[in-house]
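*Asks:* Below is work23.tsv; it holds TSV, C-alpha atoms.
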chain	number	residue	atom	x	y	z
A	11	MET	CA	253.36	97.72	165.61
A	12	THR	CA	251.09	97.71	162.60
A	13	GLU	CA	248.48	100.43	162.17
A	14	LYS	CA	245.72	98.18	163.58
A	15	LYS	CA	247.79	97.29	166.68
A	16	GLU	CA	248.11	93.62	165.88
A	17	PRO	CA	250.74	91.31	167.44
A	18	ILE	CA	252.93	91.56	164.36
A	19	ARG	CA	256.57	92.60	164.63
A	20	ASN	CA	257.62	94.10	161.33
A	21	VAL	CA	261.34	94.17	162.08
A	22	ASP	CA	261.61	90.37	161.86
A	23	GLN	CA	258.21	89.54	160.33
A	24	SER	CA	257.05	87.68	163.43
A	25	GLY	CA	253.51	87.14	164.72
A	26	TRP	CA	250.12	87.36	163.07
A	27	ILE	CA	246.76	89.07	163.58
A	28	ASP	CA	244.73	88.57	166.76
A	29	GLN	CA	241.20	87.67	165.64
A	30	GLY	CA	239.88	87.73	169.19
A	31	PRO	CA	238.47	87.59	171.67
A	32	ARG	CA	240.74	90.37	172.96
A	33	ASN	CA	240.72	93.39	175.27
A	34	TYR	CA	241.75	95.99	172.73
A	35	GLN	CA	242.06	98.82	175.27
A	36	ARG	CA	244.51	96.77	177.35
A	37	ASP	CA	246.54	96.03	174.23
A	38	LEU	CA	246.75	99.75	173.50
A	39	GLN	CA	248.03	100.39	177.05
A	40	ASN	CA	250.67	97.67	176.76
A	41	PRO	CA	252.23	97.91	173.28
A	42	ASP	CA	255.49	96.27	174.39
A	43	LEU	CA	253.61	93.27	175.80
A	44	LEU	CA	251.60	92.88	172.58
A	45	VAL	CA	254.69	93.31	170.39
A	46	PRO	CA	257.80	92.69	172.52
A	47	PRO	CA	261.19	93.99	171.37
A	48	THR	CA	263.37	91.32	169.75
A	49	THR	CA	265.69	91.64	172.76
A	50	ASP	CA	263.07	90.19	175.14
A	51	HIS	CA	263.86	86.58	175.99
A	52	GLY	CA	262.90	83.82	178.40
A	53	THR	CA	260.37	83.72	181.21
A	54	VAL	CA	260.36	86.77	183.49
A	55	ALA	CA	257.70	87.14	186.18
A	56	ASN	CA	255.04	89.80	185.83
A	57	LEU	CA	256.50	93.03	187.24
A	58	ARG	CA	253.46	95.28	186.84
A	59	PHE	CA	250.08	95.79	188.51
A	60	SER	CA	247.68	98.73	188.34
A	61	PHE	CA	245.82	100.26	191.26
A	62	SER	CA	242.91	100.44	188.80
A	63	ASP	CA	242.73	96.63	189.03
A	64	ALA	CA	242.77	96.63	192.85
A	65	HIS	CA	239.70	96.24	195.09
A	66	MET	CA	238.31	99.59	196.25
A	67	ARG	CA	237.16	99.83	199.87
A	68	LEU	CA	234.59	102.63	200.19
A	69	GLU	CA	233.94	104.28	203.58
A	70	SER	CA	231.90	107.29	204.74
A	71	GLY	CA	234.98	109.52	204.75
A	72	GLY	CA	236.73	108.33	201.60
A	73	TRP	CA	238.25	105.19	200.08
A	74	THR	CA	241.34	103.00	199.96
A	75	ARG	CA	242.87	100.28	197.77
A	76	GLU	CA	246.10	98.30	198.02
A	77	VAL	CA	248.71	96.45	195.98
A	78	THR	CA	250.49	93.75	197.98
A	79	ASN	CA	252.31	90.55	197.03
A	80	ARG	CA	248.84	89.05	196.67
A	81	GLU	CA	248.36	91.24	193.57
A	82	LEU	CA	252.05	91.40	192.58
A	83	PRO	CA	253.91	88.25	193.73
A	84	ALA	CA	257.19	89.58	192.32
A	85	SER	CA	257.29	92.15	195.15
A	86	HIS	CA	259.38	90.78	198.02
A	87	ASP	CA	260.05	93.96	200.05
A	88	LEU	CA	257.21	96.49	199.92
A	89	ALA	CA	253.46	96.93	199.55
A	90	GLY	CA	251.46	100.04	198.68
A	91	VAL	CA	248.13	101.67	199.55
A	92	ASP	CA	246.33	104.45	197.66
A	93	MET	CA	244.01	106.36	200.02
A	94	CYS	CA	241.66	109.34	199.67
A	95	LEU	CA	239.91	111.39	202.38
A	96	LYS	CA	237.12	113.96	202.09
A	97	PRO	CA	237.73	117.42	203.59
A	98	GLY	CA	237.76	116.97	207.38
A	99	ALA	CA	237.64	113.15	207.22
A	100	TYR	CA	239.89	110.97	209.39
A	101	ARG	CA	242.01	107.91	208.84
A	102	GLU	CA	241.45	106.93	212.42
A	103	MET	CA	244.12	106.80	215.12
A	104	HIS	CA	246.15	103.60	214.67
A	105	TRP	CA	249.58	101.99	214.40
A	106	HIS	CA	251.30	99.26	212.35
A	107	GLN	CA	253.77	96.42	212.67
A	108	GLN	CA	255.46	97.86	209.56
A	109	ALA	CA	257.16	101.14	208.71
A	110	GLU	CA	254.92	103.57	206.76
A	111	TRP	CA	256.43	105.93	204.15
A	112	THR	CA	253.95	108.30	202.47
A	113	MET	CA	253.76	110.94	199.73
A	114	MET	CA	250.84	113.36	199.52
A	115	LEU	CA	249.65	113.20	195.91
A	116	GLN	CA	246.82	115.74	196.00
A	117	GLY	CA	245.36	118.15	198.55
A	118	ASN	CA	246.41	118.68	202.16
A	119	ALA	CA	246.21	116.94	205.52
A	120	ARG	CA	247.23	117.10	209.18
A	121	VAL	CA	249.19	114.27	210.78
A	122	THR	CA	249.80	113.58	214.46
A	123	ALA	CA	252.00	111.00	216.20
A	124	LEU	CA	253.53	109.92	219.50
A	125	ASN	CA	256.82	108.06	220.03
A	126	GLU	CA	257.93	105.64	222.73
A	127	ASN	CA	259.58	108.48	224.69
A	128	GLY	CA	256.27	110.31	225.10
A	129	GLU	CA	257.23	112.99	222.56
A	130	SER	CA	254.44	114.27	220.31
A	131	PHE	CA	254.31	115.49	216.74
A	132	ILE	CA	251.80	117.46	214.66
A	133	ASP	CA	252.20	119.02	211.21
A	134	ASP	CA	250.24	120.07	208.11
A	135	ILE	CA	251.41	118.80	204.73
A	136	ALA	CA	250.54	119.52	201.10
A	137	ALA	CA	250.95	117.85	197.70
A	138	GLY	CA	254.49	116.55	197.21
A	139	ASP	CA	255.31	116.42	200.94
A	140	LEU	CA	256.21	113.23	202.80
A	141	TRP	CA	255.78	111.60	206.18
A	142	ASP	CA	257.32	108.52	207.77
A	143	PHE	CA	256.00	106.56	210.76
A	144	GLU	CA	258.21	103.68	211.81
A	145	ALA	CA	256.65	100.46	213.14
A	146	GLY	CA	254.70	100.86	216.39
A	147	ILE	CA	254.40	104.67	216.21
A	148	PRO	CA	250.71	105.61	216.84
A	149	HIS	CA	249.44	108.25	214.45
A	150	SER	CA	246.44	109.81	212.75
A	151	ILE	CA	245.68	111.51	209.42
A	152	GLN	CA	242.96	114.11	208.90
A	153	ALA	CA	242.19	115.84	205.61
A	154	LEU	CA	242.17	119.62	205.60
A	155	ASP	CA	240.03	121.94	203.47
A	156	GLN	CA	241.07	120.48	200.08
A	157	GLY	CA	240.63	116.82	200.96
A	158	CYS	CA	243.57	114.61	200.00
A	159	GLU	CA	244.91	111.54	198.22
A	160	PHE	CA	248.17	109.93	199.23
A	161	LEU	CA	250.38	106.92	198.52
A	162	LEU	CA	251.41	104.84	201.54
A	163	VAL	CA	254.28	102.36	201.19
A	164	PHE	CA	254.86	99.68	203.85
A	165	SER	CA	257.98	97.71	204.67
A	166	GLU	CA	256.49	94.21	204.20
A	167	PRO	CA	255.17	92.84	200.89
A	168	ASP	CA	252.16	91.08	202.46
A	169	PHE	CA	251.02	94.14	204.42
A	170	SER	CA	247.28	94.80	204.29
A	171	GLU	CA	245.64	98.07	205.28
A	172	ASN	CA	242.83	95.92	206.70
A	173	ASN	CA	245.16	94.54	209.41
A	174	THR	CA	246.18	97.68	211.29
A	175	PHE	CA	245.90	98.29	215.04
A	176	LEU	CA	242.88	100.62	215.23
A	177	LEU	CA	241.92	102.56	218.35
A	178	THR	CA	238.20	101.89	217.95
A	179	ASP	CA	238.77	98.22	217.13
A	180	TRP	CA	240.83	97.72	220.30
A	181	LEU	CA	238.24	99.37	222.54
A	182	ALA	CA	235.43	97.42	220.86
A	183	HIS	CA	237.19	94.22	221.93
A	184	THR	CA	238.03	95.25	225.50
A	185	PRO	CA	235.54	94.90	228.41
A	186	LYS	CA	234.03	98.24	229.35
A	187	ASP	CA	234.96	97.86	233.02
A	188	ILE	CA	238.61	97.60	231.99
A	189	ILE	CA	238.28	100.70	229.78
A	190	ALA	CA	236.55	102.60	232.59
A	191	ALA	CA	239.32	101.72	235.03
A	192	ASN	CA	241.98	102.71	232.52
A	193	PHE	CA	240.45	106.12	231.73
A	194	LYS	CA	239.19	106.69	235.33
A	195	VAL	CA	235.58	107.34	234.28
A	196	ASP	CA	232.28	105.74	235.19
A	197	GLU	CA	231.40	102.74	233.04
A	198	ALA	CA	228.04	104.33	232.23
A	199	ALA	CA	229.83	107.17	230.50
A	200	LEU	CA	231.23	104.68	227.95
A	201	LYS	CA	227.83	103.57	226.63
A	202	PRO	CA	228.24	105.49	223.31
A	203	LEU	CA	231.40	103.49	222.44
A	204	LEU	CA	230.89	101.56	219.21
A	205	SER	CA	231.18	97.81	218.88
A	206	HIS	CA	233.05	98.07	215.57
A	207	GLU	CA	235.91	100.03	213.98
A	208	LYS	CA	235.51	103.43	212.33
A	209	TYR	CA	238.53	103.17	209.95
A	210	ILE	CA	237.83	106.12	207.57
A	211	PHE	CA	235.06	108.44	208.73
A	212	ASP	CA	233.69	111.97	208.39
A	213	GLY	CA	234.83	114.89	210.51
A	214	ASN	CA	235.09	118.67	210.45
A	215	VAL	CA	238.06	120.54	209.04
A	216	PRO	CA	240.19	121.40	212.09
A	217	GLY	CA	241.37	124.86	213.08
A	218	PRO	CA	244.99	126.03	212.95
A	219	ILE	CA	247.60	123.87	214.67
A	220	GLU	CA	248.19	126.60	217.26
A	221	ALA	CA	244.54	126.40	218.32
A	222	VAL	CA	244.40	122.60	218.77
A	223	LYS	CA	247.91	121.60	219.75
A	224	LYS	CA	248.21	120.10	223.23
A	225	PRO	CA	251.08	120.98	225.58
A	226	GLY	CA	253.83	118.39	225.80
A	227	THR	CA	257.33	117.48	224.70
A	228	PRO	CA	257.78	117.84	220.92
A	229	MET	CA	259.77	115.30	218.93
A	230	LYS	CA	263.36	116.23	218.20
A	231	THR	CA	263.25	114.61	214.73
A	232	PRO	CA	260.37	115.71	212.45
A	233	LEU	CA	258.27	112.90	210.99
A	234	THR	CA	257.41	114.94	207.88
A	235	LEU	CA	259.49	116.36	205.05
A	236	HIS	CA	258.42	119.42	203.06
A	237	MET	CA	259.74	118.93	199.56
A	238	LYS	CA	260.25	122.65	199.03
A	239	ASP	CA	263.27	122.19	201.28
A	240	VAL	CA	264.85	119.45	199.14
A	241	PRO	CA	266.97	120.53	196.13
A	242	ALA	CA	266.75	118.58	192.90
A	243	LYS	CA	269.63	117.00	191.01
A	244	VAL	CA	269.18	118.43	187.52
A	245	PHE	CA	270.25	116.40	184.47
A	246	GLU	CA	270.02	116.93	180.72
A	247	ALA	CA	266.57	115.33	180.35
A	248	GLY	CA	265.04	115.56	183.80
A	249	LYS	CA	265.45	115.85	187.56
A	250	VAL	CA	265.85	113.53	190.53
A	251	TRP	CA	265.21	114.08	194.25
A	252	ILE	CA	266.98	111.57	196.49
A	253	ILE	CA	265.09	111.03	199.76
A	254	ASP	CA	266.97	108.93	202.29
A	255	GLN	CA	268.31	109.33	205.82
A	256	SER	CA	270.72	112.05	204.69
A	257	VAL	CA	267.77	114.44	204.17
A	258	PHE	CA	264.95	112.65	206.06
A	259	PRO	CA	266.36	111.16	209.28
A	260	ALA	CA	262.94	109.93	210.44
A	261	ALA	CA	262.82	107.42	207.57
A	262	GLN	CA	264.82	104.58	209.10
A	263	THR	CA	263.55	101.79	206.83
A	264	ILE	CA	262.58	103.14	203.40
A	265	SER	CA	264.40	105.43	200.96
A	266	ALA	CA	263.24	106.84	197.64
A	267	ALA	CA	264.11	108.69	194.48
A	268	ILE	CA	261.49	110.95	192.94
A	269	VAL	CA	262.14	111.15	189.20
A	270	GLU	CA	260.92	113.50	186.48
A	271	VAL	CA	261.76	112.56	182.87
A	272	GLN	CA	261.01	114.99	180.05
A	273	PRO	CA	259.34	113.74	176.82
A	274	GLY	CA	262.05	112.12	174.76
A	275	GLY	CA	264.14	111.29	177.82
A	276	MET	CA	264.95	108.14	179.78
A	277	ARG	CA	266.26	107.01	183.14
A	278	GLU	CA	269.69	105.72	182.18
A	279	MET	CA	270.65	102.02	182.20
A	280	HIS	CA	271.49	101.11	185.81
A	281	TRP	CA	270.79	98.72	188.69
A	282	HIS	CA	270.43	98.79	192.47
A	283	PRO	CA	272.91	96.64	194.42
A	284	LYS	CA	271.26	96.68	197.86
A	285	SER	CA	267.49	96.56	197.44
A	286	GLU	CA	264.61	95.59	195.19
A	287	GLU	CA	262.97	98.60	193.50
A	288	TRP	CA	259.23	99.28	193.98
A	289	ASP	CA	257.91	101.96	191.61
A	290	TYR	CA	254.75	104.06	191.57
A	291	TYR	CA	253.86	106.07	188.45
A	292	ILE	CA	252.27	109.45	189.10
A	293	GLN	CA	252.09	110.91	185.60
A	294	GLY	CA	252.85	109.98	182.00
A	295	GLN	CA	253.64	106.80	180.08
A	296	ALA	CA	256.75	104.65	180.46
A	297	LYS	CA	258.51	101.79	178.76
A	298	VAL	CA	260.63	99.72	181.15
A	299	GLY	CA	263.15	97.12	179.98
A	300	VAL	CA	264.43	94.69	182.63
A	301	PHE	CA	267.45	92.35	182.28
A	302	ASN	CA	267.48	89.68	184.98
A	303	SER	CA	270.68	87.79	184.03
A	304	ASN	CA	271.10	84.50	182.15
A	305	THR	CA	269.55	85.86	178.92
A	306	LEU	CA	266.29	86.77	180.73
A	307	ALA	CA	264.78	90.07	179.60
A	308	ARG	CA	261.27	91.52	179.38
A	309	THR	CA	259.70	94.88	178.54
A	310	PHE	CA	256.69	96.41	180.31
A	311	ASN	CA	254.53	99.50	179.86
A	312	PHE	CA	253.33	101.72	182.72
A	313	ASN	CA	250.75	104.48	183.09
A	314	ALA	CA	249.74	106.77	185.95
A	315	GLY	CA	248.49	104.73	188.90
A	316	ASP	CA	250.55	101.63	188.04
A	317	VAL	CA	252.98	99.84	190.35
A	318	GLY	CA	256.17	98.21	189.12
A	319	VAL	CA	258.87	96.02	190.65
A	320	ILE	CA	262.50	95.68	189.53
A	321	PRO	CA	264.34	92.67	191.01
A	322	LYS	CA	267.39	93.41	193.15
A	323	GLU	CA	270.50	93.90	190.97
A	324	ALA	CA	268.50	93.57	187.72
A	325	GLY	CA	269.67	95.97	185.00
A	326	HIS	CA	266.96	98.25	183.66
A	327	TYR	CA	266.00	101.52	181.97
A	328	ILE	CA	262.80	103.61	182.18
A	329	GLN	CA	261.87	105.53	179.03
A	330	ASN	CA	259.27	108.31	178.68
A	331	ILE	CA	257.17	107.29	175.66
A	332	GLY	CA	254.47	109.93	176.17
A	333	ASP	CA	254.06	113.62	175.33
A	334	GLU	CA	254.17	114.95	178.91
A	335	PRO	CA	256.77	114.71	181.68
A	336	LEU	CA	256.98	111.23	183.20
A	337	ILE	CA	256.91	111.38	187.02
A	338	PHE	CA	257.43	108.33	189.21
A	339	ILE	CA	258.82	107.29	192.60
A	340	GLU	CA	261.47	104.62	193.11
A	341	LEU	CA	261.23	103.11	196.63
A	342	PHE	CA	263.60	100.78	198.46
A	343	LYS	CA	263.52	98.86	201.74
A	344	ASN	CA	266.80	100.43	202.81
A	345	PRO	CA	267.46	103.70	204.68
A	346	VAL	CA	270.23	104.62	202.21
A	347	TYR	CA	269.60	105.10	198.48
A	348	SER	CA	272.11	103.49	196.11
A	349	ASP	CA	272.43	102.68	192.42
A	350	VAL	CA	275.12	101.75	189.89
A	351	SER	CA	275.27	103.54	186.54
A	352	LEU	CA	276.30	101.52	183.46
A	353	ASN	CA	277.70	104.72	181.94
A	354	LYS	CA	279.79	105.45	185.02
A	355	TRP	CA	281.11	101.89	185.21
A	356	LEU	CA	282.30	101.94	181.62
A	357	ALA	CA	283.65	105.47	181.97
A	358	ILE	CA	286.03	104.51	184.78
A	359	SER	CA	287.13	101.24	183.11
A	360	PRO	CA	290.17	101.12	180.78
A	361	THR	CA	289.12	102.12	177.27
A	362	GLN	CA	290.72	99.15	175.53
A	363	MET	CA	289.11	96.72	177.97
A	364	VAL	CA	285.64	98.14	177.25
A	365	ALA	CA	286.32	98.13	173.50
A	366	ASP	CA	287.38	94.48	173.61
A	367	HIS	CA	284.22	93.50	175.51
A	368	LEU	CA	281.81	95.38	173.25
A	369	ASN	CA	283.63	94.68	169.98
A	370	LEU	CA	283.70	98.40	169.24
A	371	PRO	CA	286.59	100.68	168.24
A	372	THR	CA	288.23	102.71	171.00
A	373	SER	CA	287.17	105.91	169.20
A	374	THR	CA	283.54	104.98	169.84
A	375	ILE	CA	284.19	104.13	173.49
A	376	GLU	CA	285.92	107.48	173.99
A	377	ASN	CA	282.67	109.22	173.01
A	378	PHE	CA	280.66	107.46	175.73
A	379	PRO	CA	279.40	109.75	178.54
A	380	THR	CA	281.82	110.33	181.41
A	381	GLU	CA	279.68	112.45	183.75
A	382	GLU	CA	276.83	111.40	186.00
A	383	ALA	CA	273.56	111.59	184.05
A	384	ALA	CA	270.71	109.75	185.76
A	385	VAL	CA	268.22	111.09	183.19
A	386	VAL	CA	269.42	111.26	179.57
A	387	TRP	CA	267.96	112.06	176.18
A	388	TYR	CA	266.64	109.20	174.07
A	389	GLU	CA	265.65	111.55	171.24
A	390	ASP	CA	267.61	114.59	170.10
A	391	PRO	CA	266.13	117.53	172.06
A	392	ARG	CA	266.53	119.67	168.95
A	393	GLY	CA	263.82	117.57	167.30
A	394	ARG	CA	260.32	117.17	168.72
A	395	VAL	CA	261.61	117.52	172.28
A	396	ALA	CA	262.57	120.94	173.60
A	397	GLN	CA	265.63	121.38	175.81
A	398	GLN	CA	264.73	122.03	179.43
A	399	PRO	CA	265.12	125.55	180.77
A	400	LYS	CA	267.98	126.05	183.19
A	401	VAL	CA	266.94	125.91	186.83
A	402	ASP	CA	268.75	126.68	190.04
A	403	PRO	CA	269.01	123.42	192.01
A	404	GLU	CA	269.29	125.42	195.23
A	405	THR	CA	265.80	126.89	194.83
A	406	PHE	CA	263.98	124.41	192.58
A	407	SER	CA	262.01	121.87	194.62
A	408	ALA	CA	259.63	118.96	194.14
A	409	ASN	CA	256.72	121.27	194.99
A	410	ASP	CA	257.32	122.88	191.60
A	411	VAL	CA	256.34	119.53	190.08
A	412	PHE	CA	253.90	117.94	192.55
A	413	GLY	CA	252.32	121.04	193.99
A	414	LYS	CA	250.59	122.12	190.79
Please render this file's structure as structure tokens.

*Replies:*
Amino acid sequence: MTEKKEPIRNVDQSGWIDQGPRNYQRDLQNPDLLVPPTTDHGTVANLRFSFSDAHMRLESGGWTREVTNRELPASHDLAGVDMCLKPGAYREMHWHQQAEWTMMLQGNARVTALNENGESFIDDIAAGDLWDFEAGIPHSIQALDQGCEFLLVFSEPDFSENNTFLLTDWLAHTPKDIIAANFKVDEAALKPLLSHEKYIFDGNVPGPIEAVKKPGTPMKTPLTLHMKDVPAKVFEAGKVWIIDQSVFPAAQTISAAIVEVQPGGMREMHWHPKSEEWDYYIQGQAKVGVFNSNTLARTFNFNAGDVGVIPKEAGHYIQNIGDEPLIFIELFKNPVYSDVSLNKWLAISPTQMVADHLNLPTSTIENFPTEEAAVVWYEDPRGRVAQQPKVDPETFSANDVFGK
């Protein structure tokens, strides 16, 4: 880009100045849309949407906003909700027709649930921790002393947080004599029931779990995952936490990879053979190049709070173009995480065959990486980027990243 951030590509002398009208701040956030790499080609659907552009629903106890296939038509598998609760506030007791996978982004909260076998669950979670409620599981969320913000991901792209099965909404639309018979109370005692939903509303910070927990049969499989218990896979330029049924059995529909990429690093060139990828960016700035076959390729830029979609089987890379660690979540509508590494594919293929395809000498092919490296250096770490300190994958956990 030129110094004035004009749509001029110096490498091939393409483009010209934009005399306006223009949204200059948006251009600064999306340099690879304003000046695409020469490798971009053809028409690729928009694969990016920001929660900052989503409608904010404000309630007495907090707020919520969502990104569905209404906002991002390229998403065919998943939808997301960003929600915040004041200390003590409730996301009222409810259930969904879709599976709900959640990461706590900030603060702390208490969750409760009941399954179809009459088994109950209650737990407190903090930043970086997860929960999963499969379709039809009734549950509640209440913020603790810090308040909280969390990302909810649902297993249908047209999901809307406005279409959940709410306890108060059901009772508001059921005759009071039926409710009285069901709860075995006098109908007069039900006069304070509201005629509308509560949704997100104020409450008091609850006491310890031991003081409020009801007797009953506890669930055999926890519905939460504390990320301090999940070891990271450590690579030369970052770390990855794989969250699927192998470590989180309660998550029967959605799997994820939590990725940290150091400045100067990139998520290697790869693709996912079983599921579309739905990404949420927590921190940093990213450049994402997507190849969707038949000469189709497009480059996007992402910032914290953005959502991205990568089509199923589409080749892509994710590069950290900022000065701080890039942190994002890859999510998939599949209980088992899977990907295919371009480096690994070429490493196990006969050297001469690869050389013939790429029109390169075998000596060059022999220097290609041979080990798994999900996060690699783009820039020499001996330059502006410092090599990561060694960490013990048995003790290092996502809480070291998300719990700050």

*Asks:* As an exercise, work out the distance from CA of Ala182 (chain A) to CA of His206 (chain A) in Å and give it to one decimal place.

*Replies:*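 Value for the CA of Ala182 (chain A)-CA of His206 (chain A) distance: 5.8 Å.
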
*Asks:* What gap, in Å, lies between CA of Phe169 (chain A) and CA of Arg277 (chain A)?

*Replies:* 29.2 Å

*Asks:* Counting all atoms listed in the file, which residue out of A:Leu233, A:Val319, A:Ala64, A:Ala191 sits closest to Pro83 (chain A)?

*Replies:*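 Ranked by minimum distance to Pro83 (chain A), first place goes to A:Val319.
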
*Asks:* Sorted by chain and rising residue number, which residues of region 246-342 of chain A lie within 8 Å of region 99-119 of chain A, and what are their closest atom pairs and distances in Å to one decimal, counting all atoms listed in the file, as a Markdown table?

*Replies:*
| residue | atom | partner | partner_atom | distance |
| --- | --- | --- | --- | --- |
| A:Ala261 | CA | A:Trp111 | CA | 7.4 |
| A:Thr263 | CA | A:Ala109 | CA | 6.7 |
| A:Ile264 | CA | A:Trp111 | CA | 6.8 |

*Asks:* Show which residues sit within 10 Å of region 132-141 of chain A, as a PyMOL selection string. Count all atoms listed in the file, and ignore same-chain residues fewer than 6 positions away.

*Replies:* chain A and resi 110-124+149-154+156+158-162+218-219+222-224+228-229+232-239+253+258+260-261+268+407-414

*Asks:* For Ala307 (chain A), which of A:Phe245, A:Tyr327, A:Tyr291, A:Trp387 is the closest residue, counting all atoms listed in the file?

*Replies:* A:Tyr327

*Asks:* Would you mind putting all heavy atoms back on region 60-67 of chain A and writing the result as a PDB file, keeping the file's coordinate frame?

*Replies:*
ATOM      1  N   SER A  60     248.285  97.398 188.283  1.00  0.00           N
ATOM      2  CA  SER A  60     247.680  98.730 188.340  1.00  0.00           C
ATOM      3  C   SER A  60     246.744  98.847 189.535  1.00  0.00           C
ATOM      4  O   SER A  60     245.970  97.924 189.830  1.00  0.00           O
ATOM      5  CB  SER A  60     246.902  99.018 187.061  1.00  0.00           C
ATOM      6  OG  SER A  60     246.254 100.276 187.152  1.00  0.00           O
ATOM      7  N   PHE A  61     246.796 100.001 190.214  1.00  0.00           N
ATOM      8  CA  PHE A  61     245.820 100.260 191.260  1.00  0.00           C
ATOM      9  C   PHE A  61     244.393 100.241 190.698  1.00  0.00           C
ATOM     10  O   PHE A  61     243.431  99.985 191.436  1.00  0.00           O
ATOM     11  CB  PHE A  61     246.094 101.605 191.929  1.00  0.00           C
ATOM     12  CG  PHE A  61     246.997 101.514 193.124  1.00  0.00           C
ATOM     13  CD1 PHE A  61     248.286 102.025 193.089  1.00  0.00           C
ATOM     14  CD2 PHE A  61     246.563 100.914 194.298  1.00  0.00           C
ATOM     15  CE1 PHE A  61     249.126 101.938 194.191  1.00  0.00           C
ATOM     16  CE2 PHE A  61     247.384 100.823 195.413  1.00  0.00           C
ATOM     17  CZ  PHE A  61     248.668 101.329 195.362  1.00  0.00           C
ATOM     18  N   SER A  62     244.243 100.482 189.400  1.00  0.00           N
ATOM     19  CA  SER A  62     242.910 100.440 188.800  1.00  0.00           C
ATOM     20  C   SER A  62     242.333  99.031 188.793  1.00  0.00           C
ATOM     21  O   SER A  62     241.122  98.851 188.641  1.00  0.00           O
ATOM     22  CB  SER A  62     242.974 100.971 187.356  1.00  0.00           C
ATOM     23  OG  SER A  62     243.287 102.345 187.346  1.00  0.00           O
ATOM     24  N   ASP A  63     243.187  98.017 188.968  1.00  0.00           N
ATOM     25  CA  ASP A  63     242.730  96.630 189.030  1.00  0.00           C
ATOM     26  C   ASP A  63     242.589  96.144 190.471  1.00  0.00           C
ATOM     27  O   ASP A  63     242.286  94.966 190.708  1.00  0.00           O
ATOM     28  CB  ASP A  63     243.700  95.714 188.278  1.00  0.00           C
ATOM     29  CG  ASP A  63     243.713  95.998 186.786  1.00  0.00           C
ATOM     30  OD1 ASP A  63     242.662  96.368 186.248  1.00  0.00           O
ATOM     31  OD2 ASP A  63     244.784  95.852 186.156  1.00  0.00           O
ATOM     32  N   ALA A  64     242.832  97.010 191.443  1.00  0.00           N
ATOM     33  CA  ALA A  64     242.770  96.630 192.850  1.00  0.00           C
ATOM     34  C   ALA A  64     241.364  96.868 193.414  1.00  0.00           C
ATOM     35  O   ALA A  64     240.636  97.758 192.968  1.00  0.00           O
ATOM     36  CB  ALA A  64     243.794  97.423 193.662  1.00  0.00           C
ATOM     37  N   HIS A  65     241.001  96.083 194.420  1.00  0.00           N
ATOM     38  CA  HIS A  65     239.700  96.240 195.090  1.00  0.00           C
ATOM     39  C   HIS A  65     239.624  97.584 195.803  1.00  0.00           C
ATOM     40  O   HIS A  65     240.553  97.980 196.503  1.00  0.00           O
ATOM     41  CB  HIS A  65     239.502  95.114 196.105  1.00  0.00           C
ATOM     42  CG  HIS A  65     238.328  95.314 197.002  1.00  0.00           C
ATOM     43  ND1 HIS A  65     237.017  95.182 196.564  1.00  0.00           N
ATOM     44  CD2 HIS A  65     238.249  95.642 198.314  1.00  0.00           C
ATOM     45  CE1 HIS A  65     236.205  95.407 197.572  1.00  0.00           C
ATOM     46  NE2 HIS A  65     236.911  95.694 198.647  1.00  0.00           N
ATOM     47  N   MET A  66     238.517  98.293 195.616  1.00  0.00           N
ATOM     48  CA  MET A  66     238.310  99.590 196.250  1.00  0.00           C
ATOM     49  C   MET A  66     237.422  99.416 197.482  1.00  0.00           C
ATOM     50  O   MET A  66     236.305  98.903 197.400  1.00  0.00           O
ATOM     51  CB  MET A  66     237.635 100.553 195.266  1.00  0.00           C
ATOM     52  CG  MET A  66     237.463 101.956 195.784  1.00  0.00           C
ATOM     53  SD  MET A  66     239.002 102.924 195.736  1.00  0.00           S
ATOM     54  CE  MET A  66     239.037 103.418 193.996  1.00  0.00           C
ATOM     55  N   ARG A  67     237.949  99.833 198.644  1.00  0.00           N
ATOM     56  CA  ARG A  67     237.160  99.830 199.870  1.00  0.00           C
ATOM     57  C   ARG A  67     236.583 101.221 200.075  1.00  0.00           C
ATOM     58  O   ARG A  67     237.323 102.197 200.248  1.00  0.00           O
ATOM     59  CB  ARG A  67     238.022  99.426 201.073  1.00  0.00           C
ATOM     60  CG  ARG A  67     237.277  99.476 202.398  1.00  0.00           C
ATOM     61  CD  ARG A  67     238.121  98.946 203.552  1.00  0.00           C
ATOM     62  NE  ARG A  67     237.427  99.114 204.830  1.00  0.00           N
ATOM     63  CZ  ARG A  67     237.882  98.647 205.994  1.00  0.00           C
ATOM     64  NH1 ARG A  67     239.026  97.985 206.041  1.00  0.00           N
ATOM     65  NH2 ARG A  67     237.186  98.835 207.104  1.00  0.00           N
TER      66      ARG A  67
END
